[in-house]
Amino acid sequence: MRHDADGVWRVATYDTGRAALRAGGTVQAGLGIETVEKLPASVRRPVLYRDGPEHREHRRQTARYFTPRRVSEHYRDLMIRVADQQLARLRQAGSAQLSDLSFALAAEVTAGVIGLTESRPGLLRRLERFFPDTFEEPSYTSLRGLRFMLLRNTAWLGLYFGDVRPAVRARRRARRDDLLSHLLDEGCTAGEILGECVTFAAAGMITTREFVNVAAWHLFGDDALREEYLTANEAGRHAVLHEILRLEPVVSALHRRTTAALDLPDGDGATVTVPAGSLVEIRVDDANLDTDAFGAAPERVCPARGADGHVPGPGLSFGDGPHKCPGAAVAIQETDIFLTRLFALPGLRTRGEPTVRVKESLGSYEVRGLVVTVDPDPDQGPDQGQAEV
(Lines give C-alpha, C1' and ligand atoms only; values in the text may rest on other atoms or scores of the structure.)
Protein backbone atom coordinates (compact mmCIF):
# COMPACT_ATOMS: atom_id res chain seq x y z
CA MET A 1 0.00 0.00 0.00
CA ARG A 2 1.33 3.45 -0.85
CA HIS A 3 0.40 7.09 -0.27
CA ASP A 4 1.05 8.92 -3.53
CA ALA A 5 1.85 12.56 -4.14
CA ASP A 6 -1.73 13.25 -5.28
CA GLY A 7 -2.96 12.35 -1.79
CA VAL A 8 -4.55 9.05 -2.82
CA TRP A 9 -3.84 5.87 -0.85
CA ARG A 10 -3.43 3.07 -3.41
CA VAL A 11 -3.91 -0.60 -2.58
CA ALA A 12 -2.43 -3.25 -4.85
CA THR A 13 -2.70 -6.48 -2.81
CA TYR A 14 -5.66 -8.79 -2.37
CA ASP A 15 -5.88 -8.98 1.42
CA THR A 16 -5.51 -5.23 1.91
CA GLY A 17 -7.96 -4.47 -0.89
CA ARG A 18 -10.56 -6.83 0.54
CA ALA A 19 -10.09 -5.36 4.01
CA ALA A 20 -10.57 -1.81 2.64
CA LEU A 21 -13.76 -2.81 0.83
CA ARG A 22 -15.17 -4.59 3.89
CA ALA A 23 -14.18 -1.95 6.43
CA GLY A 24 -16.61 0.29 8.24
CA GLY A 25 -15.83 3.98 8.36
CA THR A 26 -15.76 4.40 4.58
CA VAL A 27 -18.22 5.64 1.98
CA GLN A 28 -18.53 5.19 -1.74
CA ALA A 29 -16.33 7.44 -3.89
CA GLY A 30 -15.96 7.89 -7.64
CA LEU A 31 -18.53 6.65 -10.19
CA GLY A 32 -20.06 10.11 -10.52
CA ILE A 33 -20.90 10.49 -6.85
CA GLU A 34 -20.04 14.20 -7.01
CA THR A 35 -23.04 14.73 -9.31
CA VAL A 36 -25.35 12.68 -7.09
CA GLU A 37 -24.34 14.71 -4.03
CA LYS A 38 -25.79 17.81 -5.70
CA LEU A 39 -29.30 16.36 -5.51
CA PRO A 40 -31.70 17.81 -2.90
CA ALA A 41 -31.58 16.06 0.46
CA SER A 42 -35.21 15.01 0.03
CA VAL A 43 -34.34 12.84 -3.00
CA ARG A 44 -33.37 9.30 -2.14
CA ARG A 45 -29.98 8.34 -3.58
CA PRO A 46 -29.59 5.19 -5.67
CA VAL A 47 -28.31 2.29 -3.60
CA LEU A 48 -24.86 2.48 -5.22
CA TYR A 49 -24.34 5.88 -3.58
CA ARG A 50 -25.67 5.08 -0.11
CA ASP A 51 -23.76 3.73 2.87
CA GLY A 52 -24.36 2.76 6.48
CA PRO A 53 -27.48 1.17 8.03
CA GLU A 54 -29.85 2.36 5.28
CA HIS A 55 -27.69 0.79 2.60
CA ARG A 56 -27.28 -2.48 4.52
CA GLU A 57 -31.03 -2.78 5.07
CA HIS A 58 -31.77 -2.18 1.40
CA ARG A 59 -29.24 -4.81 0.35
CA ARG A 60 -30.66 -7.26 2.90
CA GLN A 61 -34.20 -6.83 1.58
CA THR A 62 -33.25 -7.08 -2.10
CA ALA A 63 -30.66 -9.87 -1.82
CA ARG A 64 -33.34 -12.48 -2.61
CA TYR A 65 -33.64 -11.15 -6.18
CA PHE A 66 -30.01 -12.02 -6.92
CA THR A 67 -29.29 -15.34 -5.21
CA PRO A 68 -27.77 -18.02 -7.47
CA ARG A 69 -30.86 -20.19 -6.94
CA ARG A 70 -33.26 -17.44 -7.97
CA VAL A 71 -31.09 -16.49 -10.93
CA SER A 72 -31.19 -20.08 -12.14
CA GLU A 73 -34.90 -20.66 -11.47
CA HIS A 74 -36.34 -17.29 -12.52
CA TYR A 75 -34.03 -15.88 -15.18
CA ARG A 76 -32.57 -18.87 -17.03
CA ASP A 77 -35.44 -19.11 -19.51
CA LEU A 78 -35.18 -15.38 -20.21
CA MET A 79 -31.44 -15.67 -20.82
CA ILE A 80 -31.90 -18.64 -23.15
CA ARG A 81 -34.62 -16.87 -25.11
CA VAL A 82 -32.62 -13.68 -25.57
CA ALA A 83 -29.40 -15.54 -26.41
CA ASP A 84 -31.20 -17.65 -29.01
CA GLN A 85 -32.82 -14.53 -30.49
CA GLN A 86 -29.47 -12.77 -30.89
CA LEU A 87 -27.77 -15.83 -32.35
CA ALA A 88 -30.64 -16.24 -34.80
CA ARG A 89 -29.84 -12.73 -36.01
CA LEU A 90 -26.22 -13.76 -36.39
CA ARG A 91 -27.09 -16.88 -38.39
CA GLN A 92 -29.41 -14.95 -40.66
CA ALA A 93 -26.81 -12.28 -41.42
CA GLY A 94 -23.80 -14.61 -41.45
CA SER A 95 -21.70 -12.15 -39.42
CA ALA A 96 -22.16 -9.52 -36.72
CA GLN A 97 -20.30 -7.36 -34.26
CA LEU A 98 -20.11 -9.35 -31.04
CA SER A 99 -20.44 -6.11 -29.05
CA ASP A 100 -23.87 -5.54 -30.64
CA LEU A 101 -25.09 -9.04 -29.81
CA SER A 102 -23.76 -8.90 -26.25
CA PHE A 103 -25.28 -5.47 -25.60
CA ALA A 104 -28.72 -6.65 -26.70
CA LEU A 105 -28.31 -9.72 -24.49
CA ALA A 106 -27.22 -7.77 -21.41
CA ALA A 107 -29.84 -5.05 -21.89
CA GLU A 108 -32.84 -7.35 -22.11
CA VAL A 109 -31.70 -9.64 -19.30
CA THR A 110 -30.98 -6.72 -16.96
CA ALA A 111 -34.30 -5.09 -17.85
CA GLY A 112 -36.08 -8.35 -17.02
CA VAL A 113 -34.31 -8.68 -13.68
CA ILE A 114 -35.12 -5.09 -12.69
CA GLY A 115 -38.70 -5.22 -13.96
CA LEU A 116 -38.52 -2.97 -17.02
CA THR A 117 -40.77 -5.29 -18.98
CA GLU A 118 -43.17 -2.81 -20.60
CA SER A 119 -40.58 -0.81 -22.53
CA ARG A 120 -41.37 0.77 -25.85
CA PRO A 121 -39.24 -0.32 -28.84
CA GLY A 122 -35.78 1.27 -28.97
CA LEU A 123 -34.34 0.50 -25.53
CA LEU A 124 -30.85 -0.10 -26.94
CA ARG A 125 -30.80 3.25 -28.72
CA ARG A 126 -31.93 5.01 -25.56
CA LEU A 127 -29.23 3.32 -23.50
CA GLU A 128 -26.49 4.09 -26.01
CA ARG A 129 -27.49 7.75 -25.98
CA PHE A 130 -27.56 7.84 -22.20
CA PHE A 131 -24.17 6.53 -21.15
CA PRO A 132 -21.29 8.94 -21.90
CA ASP A 133 -17.68 7.95 -22.34
CA THR A 134 -16.81 9.40 -18.92
CA PHE A 135 -18.58 10.60 -15.82
CA GLU A 136 -16.82 13.98 -15.93
CA GLU A 137 -19.10 16.81 -16.95
CA PRO A 138 -17.82 19.82 -18.91
CA SER A 139 -18.45 23.31 -17.62
CA TYR A 140 -22.01 24.37 -18.30
CA THR A 141 -20.78 27.86 -19.19
CA SER A 142 -19.28 26.53 -22.44
CA LEU A 143 -21.10 25.56 -25.63
CA ARG A 144 -19.83 22.02 -25.15
CA GLY A 145 -21.27 22.01 -21.65
CA LEU A 146 -24.66 23.28 -22.79
CA ARG A 147 -24.80 20.62 -25.49
CA PHE A 148 -23.83 17.97 -22.96
CA MET A 149 -26.60 19.12 -20.61
CA LEU A 150 -29.20 19.11 -23.40
CA LEU A 151 -28.26 15.63 -24.60
CA ARG A 152 -28.11 14.33 -21.02
CA ASN A 153 -31.55 15.64 -20.13
CA THR A 154 -32.98 14.27 -23.37
CA ALA A 155 -31.50 10.85 -22.56
CA TRP A 156 -32.99 10.91 -19.04
CA LEU A 157 -36.41 11.76 -20.44
CA GLY A 158 -36.10 9.04 -23.08
CA LEU A 159 -35.47 6.34 -20.48
CA TYR A 160 -38.16 7.68 -18.19
CA PHE A 161 -40.98 7.87 -20.74
CA GLY A 162 -39.86 4.87 -22.81
CA ASP A 163 -39.04 2.41 -20.05
CA VAL A 164 -39.54 3.44 -16.44
CA ARG A 165 -42.96 5.08 -16.52
CA PRO A 166 -44.68 2.21 -18.39
CA ALA A 167 -43.22 -0.32 -15.91
CA VAL A 168 -44.17 1.80 -12.89
CA ARG A 169 -47.73 2.25 -14.14
CA ALA A 170 -48.13 -1.50 -14.66
CA ARG A 171 -46.88 -2.26 -11.14
CA ARG A 172 -49.01 0.39 -9.51
CA ARG A 173 -51.97 -1.55 -10.89
CA ALA A 174 -50.59 -4.92 -9.82
CA ARG A 175 -47.34 -5.62 -7.98
CA ARG A 176 -45.01 -8.36 -9.23
CA ASP A 177 -42.18 -10.31 -7.69
CA ASP A 178 -39.41 -8.04 -8.91
CA LEU A 179 -37.08 -5.26 -7.83
CA LEU A 180 -39.18 -2.47 -9.27
CA SER A 181 -42.23 -3.55 -7.26
CA HIS A 182 -40.07 -3.63 -4.13
CA LEU A 183 -38.95 -0.04 -4.77
CA LEU A 184 -42.58 1.04 -5.08
CA ASP A 185 -43.38 -0.72 -1.80
CA GLU A 186 -40.56 1.28 -0.20
CA GLY A 187 -42.28 4.48 -1.29
CA CYS A 188 -39.87 5.47 -4.05
CA THR A 189 -41.07 8.07 -6.53
CA ALA A 190 -40.90 7.41 -10.27
CA GLY A 191 -37.89 9.76 -10.49
CA GLU A 192 -36.05 7.86 -7.74
CA ILE A 193 -36.83 4.58 -9.48
CA LEU A 194 -35.37 6.05 -12.66
CA GLY A 195 -32.14 6.74 -10.78
CA GLU A 196 -32.01 3.16 -9.49
CA CYS A 197 -32.71 1.76 -12.96
CA VAL A 198 -29.92 3.82 -14.52
CA THR A 199 -27.52 2.59 -11.85
CA PHE A 200 -28.48 -1.03 -12.47
CA ALA A 201 -28.26 -0.46 -16.21
CA ALA A 202 -24.66 0.69 -15.91
CA ALA A 203 -23.77 -2.18 -13.58
CA GLY A 204 -25.69 -4.93 -15.36
CA MET A 205 -25.71 -3.95 -19.02
CA ILE A 206 -22.51 -2.06 -19.72
CA THR A 207 -20.13 -4.24 -17.70
CA THR A 208 -21.66 -7.56 -18.78
CA ARG A 209 -21.46 -6.51 -22.42
CA GLU A 210 -17.70 -5.99 -22.08
CA PHE A 211 -17.16 -9.21 -20.17
CA VAL A 212 -18.95 -11.28 -22.83
CA ASN A 213 -16.69 -9.69 -25.44
CA VAL A 214 -13.43 -10.25 -23.59
CA ALA A 215 -14.35 -13.80 -22.49
CA ALA A 216 -15.18 -14.74 -26.09
CA TRP A 217 -11.90 -13.20 -27.23
CA HIS A 218 -9.98 -15.38 -24.76
CA LEU A 219 -11.81 -18.52 -25.91
CA PHE A 220 -11.28 -17.77 -29.59
CA GLY A 221 -7.56 -17.27 -28.98
CA ASP A 222 -6.83 -20.32 -26.81
CA ASP A 223 -7.78 -23.71 -28.25
CA ALA A 224 -7.02 -25.63 -25.05
CA LEU A 225 -9.02 -23.23 -22.88
CA ARG A 226 -11.94 -23.33 -25.31
CA GLU A 227 -11.92 -27.13 -25.27
CA GLU A 228 -11.81 -27.16 -21.47
CA TYR A 229 -14.70 -24.71 -21.32
CA LEU A 230 -16.94 -26.47 -23.84
CA THR A 231 -16.45 -29.94 -22.36
CA ALA A 232 -16.92 -28.93 -18.70
CA ASN A 233 -20.12 -29.03 -16.68
CA GLU A 234 -21.73 -25.76 -15.64
CA ALA A 235 -19.59 -25.40 -12.50
CA GLY A 236 -16.46 -25.99 -14.56
CA ARG A 237 -17.50 -23.46 -17.18
CA HIS A 238 -18.20 -20.88 -14.49
CA ALA A 239 -14.72 -21.52 -13.08
CA VAL A 240 -13.23 -20.69 -16.49
CA LEU A 241 -15.27 -17.48 -16.68
CA HIS A 242 -14.27 -16.50 -13.14
CA GLU A 243 -10.60 -16.90 -14.05
CA ILE A 244 -10.97 -14.78 -17.17
CA LEU A 245 -12.76 -12.12 -15.13
CA ARG A 246 -10.02 -12.20 -12.50
CA LEU A 247 -7.49 -11.35 -15.21
CA GLU A 248 -9.78 -8.93 -17.05
CA PRO A 249 -11.78 -7.01 -14.40
CA VAL A 250 -14.20 -4.76 -16.25
CA VAL A 251 -13.73 -2.11 -13.57
CA SER A 252 -10.09 -2.17 -12.51
CA ALA A 253 -10.21 0.48 -9.79
CA LEU A 254 -12.64 0.95 -6.88
CA HIS A 255 -12.67 3.99 -4.63
CA ARG A 256 -13.66 4.64 -1.03
CA ARG A 257 -13.38 7.72 1.17
CA THR A 258 -12.65 7.23 4.84
CA THR A 259 -14.94 8.85 7.41
CA ALA A 260 -12.73 7.80 10.31
CA ALA A 261 -9.14 6.68 10.74
CA LEU A 262 -8.83 3.26 9.11
CA ASP A 263 -6.27 0.58 10.00
CA LEU A 264 -5.45 -1.73 7.10
CA PRO A 265 -3.13 -4.76 6.94
CA ASP A 266 -0.02 -4.16 4.87
CA GLY A 267 1.69 -7.55 4.78
CA ASP A 268 3.91 -9.41 7.24
CA GLY A 269 1.75 -8.36 10.17
CA ALA A 270 2.22 -4.64 9.53
CA THR A 271 -0.65 -2.16 9.73
CA VAL A 272 -1.09 1.18 7.99
CA THR A 273 -3.41 3.86 9.39
CA VAL A 274 -5.25 5.86 6.75
CA PRO A 275 -6.50 9.21 8.13
CA ALA A 276 -10.16 10.23 8.03
CA GLY A 277 -11.18 12.05 4.87
CA SER A 278 -8.69 10.17 2.69
CA LEU A 279 -9.39 8.75 -0.75
CA VAL A 280 -8.48 5.07 -1.06
CA GLU A 281 -8.09 3.48 -4.48
CA ILE A 282 -8.22 -0.32 -4.62
CA ARG A 283 -6.39 -1.46 -7.76
CA VAL A 284 -8.43 -4.52 -8.62
CA ASP A 285 -6.22 -5.41 -11.57
CA ASP A 286 -3.11 -5.51 -9.38
CA ALA A 287 -4.81 -7.19 -6.40
CA ASN A 288 -6.06 -9.98 -8.69
CA LEU A 289 -2.44 -10.77 -9.60
CA ASP A 290 -1.25 -11.04 -6.00
CA THR A 291 0.87 -14.20 -5.78
CA ASP A 292 0.20 -14.55 -2.04
CA ALA A 293 -3.51 -14.90 -2.81
CA PHE A 294 -3.52 -16.64 -6.19
CA GLY A 295 -0.27 -18.58 -6.30
CA ALA A 296 2.40 -18.86 -8.93
CA ALA A 297 1.89 -17.45 -12.44
CA PRO A 298 -1.22 -15.45 -11.50
CA GLU A 299 -1.24 -13.92 -14.99
CA ARG A 300 -2.26 -17.26 -16.51
CA VAL A 301 -5.81 -18.60 -16.81
CA CYS A 302 -6.02 -21.58 -14.48
CA PRO A 303 -9.62 -22.64 -13.69
CA ALA A 304 -8.35 -25.10 -11.07
CA ARG A 305 -6.73 -22.29 -9.12
CA GLY A 306 -7.86 -22.60 -5.52
CA ALA A 307 -7.58 -26.38 -5.40
CA ASP A 308 -4.10 -25.90 -3.91
CA GLY A 309 -5.34 -23.65 -1.13
CA HIS A 310 -5.16 -20.35 -2.99
CA VAL A 311 -8.11 -18.00 -3.49
CA PRO A 312 -10.60 -19.33 -6.07
CA GLY A 313 -13.00 -17.29 -8.13
CA PRO A 314 -12.80 -13.84 -9.72
CA GLY A 315 -10.79 -12.12 -6.99
CA LEU A 316 -12.07 -8.59 -6.38
CA SER A 317 -13.60 -8.20 -9.84
CA PHE A 318 -17.11 -8.06 -8.35
CA GLY A 319 -15.89 -5.93 -5.45
CA ASP A 320 -16.37 -7.02 -1.86
CA GLY A 321 -18.01 -5.86 1.32
CA PRO A 322 -21.25 -3.84 1.49
CA HIS A 323 -21.01 -2.70 -2.14
CA LYS A 324 -20.15 -6.08 -3.66
CA CYS A 325 -21.94 -6.44 -6.99
CA PRO A 326 -25.35 -8.03 -6.31
CA GLY A 327 -25.69 -9.22 -9.91
CA ALA A 328 -22.59 -11.42 -10.01
CA ALA A 329 -24.58 -14.63 -10.49
CA VAL A 330 -26.67 -12.97 -13.22
CA ALA A 331 -23.60 -11.85 -15.17
CA ILE A 332 -21.84 -15.21 -15.03
CA GLN A 333 -24.93 -17.27 -15.91
CA GLU A 334 -26.01 -15.13 -18.86
CA THR A 335 -22.45 -15.03 -20.19
CA ASP A 336 -22.21 -18.82 -19.94
CA ILE A 337 -25.57 -19.40 -21.62
CA PHE A 338 -24.68 -17.07 -24.49
CA LEU A 339 -21.14 -18.35 -25.06
CA THR A 340 -22.02 -22.05 -24.97
CA ARG A 341 -24.61 -21.41 -27.67
CA LEU A 342 -22.32 -19.14 -29.66
CA PHE A 343 -19.48 -21.68 -29.80
CA ALA A 344 -21.90 -24.43 -30.83
CA LEU A 345 -22.78 -22.62 -34.08
CA PRO A 346 -21.56 -24.25 -37.30
CA GLY A 347 -18.57 -22.59 -38.92
CA LEU A 348 -18.00 -20.08 -36.09
CA ARG A 349 -14.92 -17.92 -36.66
CA THR A 350 -13.69 -14.37 -36.19
CA ARG A 351 -12.79 -11.77 -38.76
CA GLY A 352 -10.23 -9.05 -38.16
CA GLU A 353 -8.69 -7.89 -34.91
CA PRO A 354 -10.71 -6.14 -32.21
CA THR A 355 -9.63 -2.87 -30.64
CA VAL A 356 -9.55 -2.05 -26.94
CA ARG A 357 -10.20 1.40 -25.53
CA VAL A 358 -9.58 2.17 -21.87
CA LYS A 359 -11.91 4.54 -20.01
CA GLU A 360 -9.50 6.14 -17.57
CA SER A 361 -12.22 7.68 -15.38
CA LEU A 362 -13.67 4.24 -14.62
CA GLY A 363 -10.59 2.10 -15.04
CA SER A 364 -12.65 0.05 -17.49
CA TYR A 365 -12.29 -1.12 -21.07
CA GLU A 366 -14.32 -1.38 -24.25
CA VAL A 367 -13.73 -4.18 -26.76
CA ARG A 368 -14.98 -3.29 -30.22
CA GLY A 369 -14.57 -4.69 -33.71
CA LEU A 370 -14.71 -8.38 -32.76
CA VAL A 371 -16.68 -9.64 -35.75
CA VAL A 372 -18.03 -13.19 -35.52
CA THR A 373 -18.97 -15.14 -38.64
CA VAL A 374 -20.96 -18.37 -39.00
CA ASP A 375 -22.43 -20.54 -41.69
CA PRO A 376 -25.79 -18.95 -42.65
CA ASP A 377 -28.94 -20.76 -41.61
CA PRO A 378 -30.70 -21.85 -44.83
CA ASP A 379 -33.99 -22.49 -42.99
CA GLN A 380 -34.33 -18.94 -41.63
CA GLY A 381 -36.60 -16.49 -43.37
CA PRO A 382 -35.53 -12.91 -44.10
CA ASP A 383 -37.45 -11.38 -41.18
CA GLN A 384 -36.65 -13.85 -38.40
CA GLY A 385 -34.58 -12.73 -35.45
CA GLN A 386 -35.07 -9.05 -36.13
CA ALA A 387 -37.17 -8.06 -33.11
CA GLU A 388 -36.00 -4.72 -31.76
CA VAL A 389 -35.07 -4.35 -28.10
# chains A, B, ... in the order shown; residues from 1 in each chain; ligands from 1
call {"tool": "select_by_dssp", "arguments": {"residues": "stretch 315-381 of chain A", "states": "alpha helix (DSSP H)", "output": "CSV table (one decimal) with all heavy atoms, in the first residue's frame"}}
result
chain,number,residue,atom,x,y,z
A,328,ALA,N,-23.7,-10.6,-9.6
A,328,ALA,CA,-22.6,-11.4,-10.0
A,328,ALA,C,-23.1,-12.7,-10.6
A,328,ALA,O,-22.6,-13.1,-11.7
A,328,ALA,CB,-21.6,-11.7,-8.8
A,329,ALA,N,-24.1,-13.4,-10.0
A,329,ALA,CA,-24.6,-14.6,-10.5
A,329,ALA,C,-25.3,-14.4,-11.8
A,329,ALA,O,-25.3,-15.3,-12.7
A,329,ALA,CB,-25.5,-15.3,-9.5
A,330,VAL,N,-26.0,-13.3,-12.0
A,330,VAL,CA,-26.7,-13.0,-13.2
A,330,VAL,C,-25.7,-12.8,-14.3
A,330,VAL,O,-25.8,-13.4,-15.4
A,330,VAL,CB,-27.5,-11.7,-13.1
A,330,VAL,CG1,-28.1,-11.3,-14.4
A,330,VAL,CG2,-28.5,-11.8,-12.0
A,331,ALA,N,-24.6,-12.1,-14.1
A,331,ALA,CA,-23.6,-11.8,-15.2
A,331,ALA,C,-22.9,-13.1,-15.6
A,331,ALA,O,-22.8,-13.4,-16.8
A,331,ALA,CB,-22.6,-10.8,-14.7
A,332,ILE,N,-22.5,-14.0,-14.7
A,332,ILE,CA,-21.8,-15.2,-15.0
A,332,ILE,C,-22.8,-16.2,-15.8
A,332,ILE,O,-22.4,-16.8,-16.8
A,332,ILE,CB,-21.2,-15.9,-13.8
A,332,ILE,CG1,-20.1,-15.0,-13.2
A,332,ILE,CG2,-20.7,-17.3,-14.1
A,332,ILE,CD1,-18.9,-14.8,-14.1
A,333,GLN,N,-24.0,-16.3,-15.3
A,333,GLN,CA,-24.9,-17.3,-15.9
A,333,GLN,C,-25.3,-16.8,-17.3
A,333,GLN,O,-25.3,-17.6,-18.2
A,333,GLN,CB,-26.2,-17.5,-15.1
A,333,GLN,CG,-27.2,-18.5,-15.7
A,333,GLN,CD,-28.3,-18.8,-14.8
A,333,GLN,OE1,-28.1,-19.5,-13.8
A,333,GLN,NE2,-29.5,-18.4,-15.1
A,334,GLU,N,-25.6,-15.5,-17.5
A,334,GLU,CA,-26.0,-15.1,-18.9
A,334,GLU,C,-24.8,-15.2,-19.8
A,334,GLU,O,-25.0,-15.5,-21.0
A,334,GLU,CB,-26.6,-13.7,-18.9
A,334,GLU,CG,-25.7,-12.6,-18.6
A,334,GLU,CD,-26.4,-11.2,-18.7
A,334,GLU,OE1,-26.8,-10.8,-19.8
A,334,GLU,OE2,-26.7,-10.6,-17.6
A,335,THR,N,-23.6,-14.9,-19.3
A,335,THR,CA,-22.4,-15.0,-20.2
A,335,THR,C,-22.2,-16.5,-20.6
A,335,THR,O,-22.0,-16.8,-21.8
A,335,THR,CB,-21.2,-14.5,-19.5
A,335,THR,OG1,-21.4,-13.1,-19.1
A,335,THR,CG2,-20.0,-14.7,-20.3
A,336,ASP,N,-22.4,-17.4,-19.7
A,336,ASP,CA,-22.2,-18.8,-19.9
A,336,ASP,C,-23.3,-19.3,-20.9
A,336,ASP,O,-22.9,-20.0,-21.9
A,336,ASP,CB,-22.3,-19.6,-18.6
A,336,ASP,CG,-22.1,-21.1,-18.8
A,336,ASP,OD1,-21.1,-21.5,-19.6
A,336,ASP,OD2,-22.9,-21.9,-18.3
A,337,ILE,N,-24.5,-19.0,-20.7
A,337,ILE,CA,-25.6,-19.4,-21.6
A,337,ILE,C,-25.3,-18.9,-23.0
A,337,ILE,O,-25.5,-19.6,-24.0
A,337,ILE,CB,-26.9,-18.9,-21.1
A,337,ILE,CG1,-27.3,-19.8,-19.9
A,337,ILE,CG2,-28.0,-19.0,-22.2
A,337,ILE,CD1,-28.6,-19.3,-19.2
A,338,PHE,N,-24.9,-17.6,-23.2
A,338,PHE,CA,-24.7,-17.1,-24.5
A,338,PHE,C,-23.5,-17.7,-25.2
A,338,PHE,O,-23.5,-18.1,-26.3
A,338,PHE,CB,-24.5,-15.6,-24.4
A,338,PHE,CG,-24.2,-14.9,-25.7
A,338,PHE,CD1,-25.3,-14.6,-26.6
A,338,PHE,CD2,-22.9,-14.6,-26.1
A,338,PHE,CE1,-25.0,-14.0,-27.8
A,338,PHE,CE2,-22.7,-13.9,-27.3
A,338,PHE,CZ,-23.7,-13.7,-28.1
A,339,LEU,N,-22.4,-17.8,-24.4
A,339,LEU,CA,-21.1,-18.4,-25.1
A,339,LEU,C,-21.2,-19.8,-25.4
A,339,LEU,O,-20.7,-20.2,-26.5
A,339,LEU,CB,-19.9,-18.1,-24.1
A,339,LEU,CG,-19.5,-16.6,-24.0
A,339,LEU,CD1,-18.3,-16.5,-23.0
A,339,LEU,CD2,-19.2,-16.0,-25.3
A,340,THR,N,-21.9,-20.6,-24.6
A,340,THR,CA,-22.0,-22.1,-25.0
A,340,THR,C,-22.8,-22.2,-26.3
A,340,THR,O,-22.5,-23.1,-27.1
A,340,THR,CB,-22.7,-22.9,-23.8
A,340,THR,OG1,-23.9,-22.2,-23.5
A,340,THR,CG2,-21.8,-23.0,-22.6
A,341,ARG,N,-23.8,-21.4,-26.4
A,341,ARG,CA,-24.6,-21.4,-27.7
A,341,ARG,C,-23.9,-20.8,-28.8
A,341,ARG,O,-23.9,-21.3,-30.0
A,341,ARG,CB,-26.0,-20.7,-27.5
A,341,ARG,CG,-26.9,-21.5,-26.7
A,341,ARG,CD,-28.1,-20.7,-26.1
A,341,ARG,NE,-29.1,-21.6,-25.6
A,341,ARG,CZ,-29.0,-22.4,-24.5
A,341,ARG,NH1,-27.9,-22.3,-23.8
A,341,ARG,NH2,-30.0,-23.2,-24.1
A,342,LEU,N,-23.1,-19.8,-28.6
A,342,LEU,CA,-22.3,-19.1,-29.7
A,342,LEU,C,-21.3,-20.1,-30.2
A,342,LEU,O,-21.2,-20.3,-31.4
A,342,LEU,CB,-21.6,-17.9,-29.1
A,342,LEU,CG,-20.6,-17.2,-30.1
A,342,LEU,CD1,-21.4,-16.6,-31.3
A,342,LEU,CD2,-19.8,-16.2,-29.4
call {"tool": "residues_around", "arguments": {"residues": "A:Val250", "least_positions_apart": "5", "cutoff": "8 Å", "atoms": "only C-alpha atoms", "output": "ChimeraX atom specification"}}
result
/A:207,210-211,245,317,363-365
call {"tool": "residues_around", "arguments": {"residues": "stretch 194-204 of chain A", "least_positions_apart": "6", "cutoff": "8 Å", "atoms": "only C-alpha atoms", "output": "PyMOL selection string"}}
result
chain A and resi 45-48+106-107+110-111+114+131+159-160+164+327+331
call {"tool": "closest_residue", "arguments": {"among": "A:Asp286, A:Asp15, A:Asp292, A:Asp375", "to": "A:Val251", "atoms": "only C-alpha atoms"}}
result
A:Asp286
call {"tool": "residues_around", "arguments": {"residues": "stretch 257-269 of chain A", "least_positions_apart": "3", "cutoff": "8 Å", "atoms": "only C-alpha atoms", "output": "list of chain:residue names"}}
result
A:Met1, A:Asp15, A:Thr16, A:Ala19, A:Ala20, A:Ala23, A:Gly25, A:Thr26, A:Val27, A:Gln28, A:Ala29, A:Val272, A:Thr273, A:Val274, A:Pro275, A:Ala276, A:Gly277, A:Ser278, A:Leu279, A:Val280
call {"tool": "atom_distance", "arguments": {"atom1": "atom CA of A:Val374", "atom2": "atom CA of A:Met205"}}
result
25.1 Å
call {"tool": "residues_around", "arguments": {"residues": "A:Val367", "least_positions_apart": "3", "cutoff": "10 Å", "atoms": "only C-alpha atoms", "output": "ChimeraX atom specification"}}
result
/A:98-99,209-214,217,354-358,370
